[in-house]
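K.L.:
This one is protein39.txt, compact mmCIF, C-alpha atoms.
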# COMPACT_ATOMS: atom_id res chain seq x y z
CA MET K 181 70.84 111.52 101.56
CA SER K 182 70.59 110.70 97.88
CA ARG K 183 73.28 108.58 96.23
CA SER K 184 73.32 107.32 92.66
CA ILE K 185 74.10 103.77 93.79
CA LYS K 186 72.97 102.72 97.26
CA ASN K 187 73.86 99.74 99.40
CA SER K 188 71.53 96.79 99.04
CA ASP K 189 68.39 97.11 101.10
CA GLN K 190 69.06 93.61 102.34
CA LYS K 191 72.07 94.78 104.32
CA SER K 192 71.25 95.12 107.98
CA ILE K 193 71.75 98.43 109.70
CA LEU K 194 74.18 96.77 112.08
CA THR K 195 76.33 95.59 109.19
CA SER K 196 76.32 99.03 107.60
CA ALA K 197 77.16 100.77 110.83
CA ALA K 198 79.90 98.27 111.61
CA ASN K 199 81.84 99.57 108.64
CA VAL K 200 82.77 102.54 110.81
CA LEU K 201 84.64 100.16 113.11
CA LEU K 202 86.88 99.22 110.19
CA CYS K 203 88.26 102.72 110.19
CA GLY K 204 91.81 102.58 108.87
CA SER K 205 94.47 105.20 109.18
CA LEU K 206 97.09 106.90 107.05
CA VAL K 207 100.73 106.57 108.12
CA ALA K 208 101.29 108.75 111.21
CA MET K 209 97.88 110.28 110.65
CA ALA K 210 95.70 108.44 113.19
CA ALA K 211 92.70 110.54 112.28
CA CYS K 212 90.49 108.77 114.80
CA SER K 213 92.73 109.72 117.72
CA ASP K 214 92.55 113.14 119.34
CA GLY K 215 95.53 115.41 118.78
CA ALA K 216 96.97 113.59 115.75
CA THR K 217 98.84 116.00 113.48
CA GLY K 218 100.90 113.73 111.26
CA ILE K 219 101.59 114.34 107.58
CA SER K 220 101.91 111.26 105.43
CA VAL K 221 101.52 109.56 102.14
CA ALA K 222 98.64 107.11 101.93
CA SER K 223 99.31 103.76 103.54
CA GLU K 224 97.15 101.53 105.69
CA THR K 225 98.00 101.01 109.35
CA PRO K 226 96.20 99.16 112.16
CA ASP K 227 92.88 100.49 113.46
CA ALA K 228 93.36 103.78 115.28
CA GLY K 229 90.64 103.14 117.83
CA CYS K 230 87.56 104.55 116.13
CA THR K 231 84.32 103.72 117.93
CA ILE K 232 80.88 103.70 116.39
CA GLU K 233 79.62 106.19 118.98
CA SER K 234 82.05 108.80 117.66
CA ALA K 235 80.82 108.67 114.06
CA PRO K 236 79.44 112.04 112.88
CA LYS K 237 75.83 112.17 111.71
CA SER K 238 76.62 114.60 108.89
CA HIS K 239 79.61 115.26 106.65
CA SER K 240 80.59 118.06 104.31
CA VAL K 241 83.30 117.27 101.77
CA TYR K 242 84.83 120.22 99.93
CA PHE K 243 86.79 119.50 96.75
CA VAL K 244 89.17 122.44 96.24
CA LEU K 245 90.53 121.85 92.74
CA ASP K 246 93.23 123.52 90.70
CA VAL K 247 91.70 123.05 87.24
CA SER K 248 94.50 124.62 85.20
CA GLY K 249 95.61 122.55 82.22
CA SER K 250 98.46 120.73 83.98
CA MET K 251 95.97 119.18 86.42
CA ARG K 252 93.54 117.70 83.92
CA LEU K 253 94.86 114.12 83.92
CA PHE K 254 94.91 113.90 87.72
CA LEU K 255 91.40 115.31 88.08
CA GLU K 256 89.93 112.99 85.46
CA GLU K 257 91.33 109.99 87.33
CA LEU K 258 89.92 111.33 90.59
CA SER K 259 86.54 111.89 88.98
CA ASN K 260 86.43 108.26 87.85
CA GLU K 261 86.69 107.08 91.47
CA LEU K 262 84.19 109.42 93.13
CA GLN K 263 81.56 106.72 93.42
CA SER K 264 83.82 104.42 95.43
CA PHE K 265 84.88 107.38 97.58
CA VAL K 266 81.25 108.17 98.45
CA GLU K 267 80.48 104.53 99.17
CA SER K 268 83.36 104.40 101.66
CA PHE K 269 81.38 106.61 104.04
CA PRO K 270 78.94 104.74 106.29
CA GLU K 271 75.31 105.04 105.25
CA TYR K 272 73.83 104.79 108.76
CA ASP K 273 74.85 105.92 112.22
CA ALA K 274 74.76 103.83 115.40
CA GLU K 275 71.04 104.53 115.86
CA GLY K 276 70.21 103.41 112.34
CA GLU K 277 69.64 106.95 111.08
CA ARG K 278 70.84 107.79 107.58
CA ILE K 279 74.00 109.91 107.62
CA GLN K 280 73.89 113.17 105.66
CA LEU K 281 76.71 113.51 103.13
CA ASP K 282 77.11 116.82 101.28
CA PHE K 283 79.60 117.74 98.55
CA TYR K 284 80.92 121.03 97.24
CA VAL K 285 83.23 121.66 94.27
CA ILE K 286 85.33 124.83 94.38
CA ALA K 287 87.62 125.24 91.38
CA PHE K 288 90.37 127.76 90.80
CA VAL K 289 92.89 128.89 88.21
CA ASN K 290 93.81 132.43 89.20
CA ASP K 291 90.18 133.15 90.03
CA VAL K 292 87.67 131.00 91.91
CA LYS K 293 84.34 129.52 90.86
CA GLN K 294 81.95 127.07 92.49
CA PHE K 295 80.55 124.29 90.32
CA GLY K 296 77.48 122.14 90.85
CA GLY K 297 75.12 124.89 91.93
CA GLY K 298 75.91 124.63 95.63
CA ARG K 299 75.40 121.69 97.99
CA MET K 300 75.26 118.32 96.25
CA THR K 301 74.05 115.04 97.71
CA SER K 302 74.44 112.59 94.81
CA VAL K 303 77.39 111.07 93.02
CA ILE K 304 75.86 111.96 89.66
CA ALA K 305 75.73 115.66 90.55
CA LEU K 306 79.26 115.52 91.97
CA GLN K 307 80.72 113.89 88.87
CA ASP K 308 78.93 116.39 86.65
CA ALA K 309 80.40 119.28 88.65
CA PHE K 310 83.87 117.74 88.29
CA GLU K 311 83.48 117.39 84.53
CA ASN K 312 82.30 120.98 84.13
CA ALA K 313 85.14 122.31 86.28
CA ILE K 314 87.78 120.32 84.38
CA GLU K 315 86.36 121.47 81.05
CA ALA K 316 86.33 125.11 82.17
CA GLY K 317 90.04 125.10 83.02
CA LYS K 318 91.47 122.79 80.38
CA ASP K 319 92.82 125.60 78.14
CA ASP K 320 94.40 127.49 81.05
CA PHE K 321 91.83 130.25 80.87
CA ASN K 322 90.62 131.92 84.04
CA LEU K 323 87.18 130.78 85.15
CA THR K 324 85.31 134.06 85.55
CA VAL K 325 87.23 136.17 83.04
CA ARG K 326 87.91 134.85 79.52
CA SER K 327 91.66 135.47 79.65
CA PHE K 328 94.72 133.26 79.54
CA ASN K 329 96.45 132.31 82.77
CA ALA K 330 100.06 133.36 82.19
CA GLU K 331 101.57 132.95 85.63
CA ARG K 332 102.61 130.09 87.88
CA GLU K 333 100.87 131.18 91.09
CA GLU K 334 97.25 130.11 91.59
CA ASN K 335 94.49 131.33 93.87
CA LEU K 336 94.42 128.49 96.41
CA MET K 337 93.94 130.84 99.36
CA ASP K 338 90.71 132.30 97.98
CA ALA K 339 89.44 128.85 96.98
CA ILE K 340 89.81 127.57 100.54
CA GLY K 341 88.48 130.83 101.96
CA TYR K 342 85.36 130.38 99.80
CA ILE K 343 84.31 127.55 102.15
CA SER K 344 83.25 130.17 104.69
CA ASN K 345 80.54 131.32 102.26
CA LEU K 346 78.87 127.91 102.26
CA ASN K 347 77.69 127.99 105.88
CA SER K 348 77.64 124.23 106.25
CA MET K 349 76.21 122.97 109.55
CA SER K 350 77.71 119.48 109.23
CA GLU K 351 79.40 117.83 112.20
CA SER K 352 82.40 116.75 110.11
CA HIS K 353 84.32 118.74 107.49
CA THR K 354 86.78 117.26 105.00
CA VAL K 355 88.77 119.40 102.56
CA MET K 356 90.24 117.63 99.53
CA ILE K 357 92.86 119.79 97.79
CA ALA K 358 94.42 118.98 94.42
CA THR K 359 97.03 121.39 93.03
CA ASP K 360 100.54 121.50 91.62
CA ALA K 361 101.15 125.24 91.96
CA PRO K 362 102.22 127.76 94.62
CA PHE K 363 99.93 130.57 95.75
CA ARG K 364 99.91 134.18 96.83
CA GLU K 365 98.07 135.67 99.77
CA SER K 366 96.34 138.99 100.34
CA PRO K 367 97.12 141.74 99.44
CA GLU K 368 98.47 140.65 96.06
CA LEU K 369 97.35 140.84 92.45
CA LEU K 370 97.30 137.97 89.99
CA ASN K 371 96.97 138.44 86.24
CA GLU K 372 93.97 140.36 84.88
CA GLY K 373 94.02 142.36 88.10
CA ILE K 374 92.54 139.53 90.15
CA GLN K 375 93.11 140.44 93.78
CA VAL K 376 93.80 137.75 96.35
CA GLN K 377 91.39 138.24 99.26
CA ASN K 378 92.67 135.75 101.84
CA THR K 379 95.77 135.33 103.96
CA TYR K 380 97.35 132.04 104.94
CA GLU K 381 96.77 132.80 108.61
CA GLY K 382 93.09 133.50 107.97
CA VAL K 383 92.63 130.31 105.98
CA MET K 384 94.34 128.27 108.68
CA GLN K 385 92.03 129.77 111.31
CA LEU K 386 88.97 128.92 109.19
CA LEU K 387 90.04 125.30 108.92
CA ARG K 388 90.75 125.12 112.65
CA THR K 389 87.32 126.55 113.44
CA LEU K 390 85.69 123.87 111.29
CA ASN K 391 87.93 121.21 112.82
CA ALA K 392 88.52 120.20 109.21
CA GLY K 393 90.77 117.43 108.00
CA VAL K 394 92.83 118.59 105.01
CA HIS K 395 93.92 116.03 102.44
CA ALA K 396 96.27 117.43 99.82
CA PHE K 397 97.21 115.79 96.51
CA THR K 398 100.10 117.91 95.35
CA ALA K 399 103.68 118.24 94.19
CA SER K 400 106.40 116.87 96.45
CA ASP K 401 107.62 120.26 97.73
CA LEU K 402 104.94 122.90 98.08
CA ASP K 403 104.93 125.50 100.82
CA GLY K 404 101.80 125.42 102.93
CA LEU K 405 100.79 121.90 101.94
CA THR K 406 103.74 119.52 102.20
CA ARG K 407 105.69 121.79 104.55
CA GLY K 408 105.24 124.96 106.56
CA TYR K 409 104.69 128.41 105.11
CA ARG K 410 106.77 131.22 106.59
CA LYS K 411 106.19 131.05 110.36
CA TYR K 412 103.13 128.80 110.08
CA GLU K 413 102.68 125.05 110.03
CA ALA K 414 101.36 123.38 106.88
CA LEU K 415 97.59 123.20 106.40
CA THR K 416 98.02 119.43 106.42
CA SER K 417 99.39 119.60 109.97
CA LEU K 418 95.82 119.93 111.25
CA PRO K 419 94.45 116.85 113.06
CA GLY K 420 93.13 114.15 110.75
CA SER K 421 94.98 115.49 107.70
CA SER K 422 97.28 113.89 105.14
CA VAL K 423 99.38 114.71 102.09
CA HIS K 424 99.76 112.62 98.94
CA ARG K 425 101.77 112.84 95.77
CA LEU K 426 99.73 113.78 92.72
CA ASN K 427 100.62 110.49 91.08
CA SER K 428 98.47 108.83 93.75
CA LEU K 429 95.62 109.89 91.45
CA THR K 430 96.98 108.11 88.39
CA GLY K 431 97.74 104.54 87.45
CA ALA K 432 96.04 101.59 89.09
CA SER K 433 92.42 102.41 89.92
CA SER K 434 92.55 100.03 92.88
CA LYS K 435 95.30 102.13 94.50
CA ILE K 436 93.31 105.34 93.95
CA ARG K 437 90.23 103.71 95.50
CA GLU K 438 92.30 102.52 98.46
CA THR K 439 93.66 106.01 99.10
CA LEU K 440 90.25 107.67 98.84
CA GLY K 441 88.62 104.95 100.91
CA LEU K 442 91.06 105.47 103.78
CA ILE K 443 90.35 109.21 103.75
CA ALA K 444 86.58 108.61 103.82
CA ARG K 445 86.72 106.06 106.61
CA ASN K 446 88.95 108.24 108.75
CA ALA K 447 86.64 111.22 108.24
CA SER K 448 83.85 109.02 109.59
CA CYS K 449 85.76 108.60 112.86
CA GLN K 450 86.44 112.23 113.69
Once more with this new file: its structure as structure tokens, please.
P.N.:
Amino acid sequence: MSRSIKNSDQKSILTSAANVLLCGSLVAMAACSDGATGISVASETPDAGCTIESAPKSHSVYFVLDVSGSMRLFLEELSNELQSFVESFPEYDAEGERIQLDFYVIAFVNDVKQFGGGRMTSVIALQDAFENAIEAGKDDFNLTVRSFNAEREENLMDAIGYISNLNSMSESHTVMIATDAPFRESPELLNEGIQVQNTYEGVMQLLRTLNAGVHAFTASDLDGLTRGYRKYEALTSLPGSSVHRLNSLTGASSKIRETLGLIARNASCQ
């Protein structure tokens, strides 16, 4: 795995691998324990029992980003802390083998577009994809059609559904969602005749199949993320998931790093 800044070569493999044992937890989340379904804001709790033998050998992290104009400040702050987020994952497994860490950036306004050219393995490529995605949505234009986004609903369902196109073979899957807007599900039309292709039920099944942890940075009351949607539980009710207020991505950089670090370390325990 290529990273822009690597741990010192003088660190022993045992020391690097031991970082997995420091796995923290989010309040009521207990991502390292089977069957945990809690929804919480970020806060550190005692070790949830993660063992080094349970650490995955490969991770895929999907950033599903609402890049409409209202999200720009939050995403810029998140982008500034991507390096510390990546470094919070262990570099080696228990056998001393380098852990594979892959990143994907899926952005949406009403429509959906992948940035970064596919699978990324370096912080530099990830940050560049973030910058390009933020720039593309800053004026509230759609991403694939040069037209103004004039409605409140966004295409979150299709952005999450896009993950199925990536065919990742990783052992661990982490979905990072940042949005402040509601969504529609298939069969519905958004502006410019953009048709929503995915249902909430279908998206939930996809995430369950991947055994994905879903970490949402969002508004306080948003159906499907902070609470259930119709007859379904929230996406963040899946094991190893969490929900955070958007302002967790602004302000003190140390707090942002702490939040992201907890998510990374818990993903390493699944």
K.L.:
Quick one: residues within 10 Å of Lys293 of chain K, all atoms listed in the file, excluding same-chain residues fewer than 5 positions away - as a list in words?
P.N.:
Val285, Ile286, Ala287, Phe288, Ala313, Ala316, Asn322, Leu323, Thr324, Asp338, Ala339 and Tyr342 of chain K
K.L.:
What would the file look like if the residues just selected were written as a compact mmCIF listing (two decimals), in the coordinates of the input with C-alpha atoms?
P.N.:
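Produced file out.txt, reproduced below:
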# COMPACT_ATOMS: atom_id res chain seq x y z
CA VAL K 285 83.23 121.66 94.27
CA ILE K 286 85.33 124.83 94.38
CA ALA K 287 87.62 125.24 91.38
CA PHE K 288 90.37 127.76 90.80
CA ALA K 313 85.14 122.31 86.28
CA ALA K 316 86.33 125.11 82.17
CA ASN K 322 90.62 131.92 84.04
CA LEU K 323 87.18 130.78 85.15
CA THR K 324 85.31 134.06 85.55
CA ASP K 338 90.71 132.30 97.98
CA ALA K 339 89.44 128.85 96.98
CA TYR K 342 85.36 130.38 99.80
K.L.:
Could you tell me, as a ChimeraX atom specification, which residues have any atom at most 12 Å from (94.7, 128.3, 113.1), counting all atoms listed in the file?
P.N.:
/K:379-392,412-419
K.L.:
With 5 Å of padding per side, what axis-aligned box (centre and edge lengths, Å, one decimal) covers all the listed atoms of segment 438-448 of chain K? Give it as AutoDock Vina command-line options.
P.N.:
--center_x 88.8 --center_y 106.9 --center_z 104.0 --size_x 19.8 --size_y 18.7 --size_z 21.1
K.L.:
Nearest to Ala309 of chain K: which of K:Asn335, K:Ser259, K:Asn345, K:Ser268 is it, counting all atoms listed in the file?
P.N.:
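Distance minimum relative to Ala309 of chain K lands on K:Ser259.
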K.L.:
Counting all atoms listed in the file, find residues at most 10 Å from (84.6, 125.0, 98.6) (file frame) and give them as a PDB file with C-alpha atoms, in the frame of the given file.
P.N.:
ATOM      1  CA  SER K 240      80.590 118.060 104.310  1.00  0.00           C
ATOM      2  CA  VAL K 241      83.300 117.270 101.770  1.00  0.00           C
ATOM      3  CA  TYR K 242      84.830 120.220  99.930  1.00  0.00           C
ATOM      4  CA  PHE K 243      86.790 119.500  96.750  1.00  0.00           C
ATOM      5  CA  VAL K 244      89.170 122.440  96.240  1.00  0.00           C
ATOM      6  CA  LEU K 245      90.530 121.850  92.740  1.00  0.00           C
ATOM      7  CA  PHE K 283      79.600 117.740  98.550  1.00  0.00           C
ATOM      8  CA  TYR K 284      80.920 121.030  97.240  1.00  0.00           C
ATOM      9  CA  VAL K 285      83.230 121.660  94.270  1.00  0.00           C
ATOM     10  CA  ILE K 286      85.330 124.830  94.380  1.00  0.00           C
ATOM     11  CA  ALA K 287      87.620 125.240  91.380  1.00  0.00           C
ATOM     12  CA  VAL K 292      87.670 131.000  91.910  1.00  0.00           C
ATOM     13  CA  LYS K 293      84.340 129.520  90.860  1.00  0.00           C
ATOM     14  CA  GLN K 294      81.950 127.070  92.490  1.00  0.00           C
ATOM     15  CA  PHE K 295      80.550 124.290  90.320  1.00  0.00           C
ATOM     16  CA  GLY K 298      75.910 124.630  95.630  1.00  0.00           C
ATOM     17  CA  ARG K 299      75.400 121.690  97.990  1.00  0.00           C
ATOM     18  CA  ASP K 338      90.710 132.300  97.980  1.00  0.00           C
ATOM     19  CA  ALA K 339      89.440 128.850  96.980  1.00  0.00           C
ATOM     20  CA  ILE K 340      89.810 127.570 100.540  1.00  0.00           C
ATOM     21  CA  GLY K 341      88.480 130.830 101.960  1.00  0.00           C
ATOM     22  CA  TYR K 342      85.360 130.380  99.800  1.00  0.00           C
ATOM     23  CA  ILE K 343      84.310 127.550 102.150  1.00  0.00           C
ATOM     24  CA  SER K 344      83.250 130.170 104.690  1.00  0.00           C
ATOM     25  CA  ASN K 345      80.540 131.320 102.260  1.00  0.00           C
ATOM     26  CA  LEU K 346      78.870 127.910 102.260  1.00  0.00           C
ATOM     27  CA  VAL K 355      88.770 119.400 102.560  1.00  0.00           C
ATOM     28  CA  MET K 356      90.240 117.630  99.530  1.00  0.00           C
ATOM     29  CA  ILE K 357      92.860 119.790  97.790  1.00  0.00           C
TER      30      ILE K 357
END
K.L.:
Report the distance between atom CA of Val325 of chain K and atom CA of Gln377 of chain K in Å, rounded to one decimal place.
P.N.:
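That distance, rounded to one decimal, is 16.9 Å.
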K.L.:
I'd like to know which of K:Ser327, K:Ser434, K:Gln263, K:Ser350 is closest to Gln280 of chain K, using only C-alpha atoms.
P.N.:
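Of K:Ser327, K:Ser434, K:Gln263, K:Ser350, the one nearest Gln280 of chain K, counting only C-alpha atoms, is K:Ser350.
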K.L.:
Between K:Thr439, K:Ser238, K:Asn290, K:Ser352, single out the one closest to Gln375 of chain K, counting all atoms listed in the file.
P.N.:
K:Asn290
K.L.:
For atom CA of Ser422 of chain K and atom CA of Thr354 of chain K, quote the distance in Å rounded to one decimal.
P.N.:
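Spanning atom CA of Ser422 of chain K to atom CA of Thr354 of chain K is a straight-line distance of 11.0 Å.
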K.L.:
From the list K:Ala235, K:Val289, K:Leu369, K:Ala358, which residue is nearest Ala444 of chain K when using all atoms listed in the file?
P.N.:
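So, comparing all the options, the nearest one is K:Ala235.
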K.L.:
Would you compute the distance between atom CA of Thr398 of chain K and atom CA of Thr359 of chain K? Give it in Å to one decimal.
P.N.:
5.2 Å
K.L.:
Could you list, as a list of chain:residue names, every residue within 7 Å of Asp320 of chain K, counting all atoms listed in the file and ignoring same-chain residues fewer than 4 positions away?
P.N.:
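The residues that qualify are K:Ser248, K:Gly249, K:Phe328, K:Asn329.
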K.L.:
So that I have them on file, write out the residues from the current selection with C-alpha atoms, as a compact mmCIF listing (two decimals), in the frame of the given file.
P.N.:
# COMPACT_ATOMS: atom_id res chain seq x y z
CA SER K 248 94.50 124.62 85.20
CA GLY K 249 95.61 122.55 82.22
CA PHE K 328 94.72 133.26 79.54
CA ASN K 329 96.45 132.31 82.77
K.L.:
Select, from K:Glu334, K:His353, K:Ala399, K:Gly393, the residue with the minimum atom-to-atom distance to Glu368 of chain K, counting only C-alpha atoms.
P.N.:
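Answer, going by the shortest atom-to-atom distance: K:Glu334.
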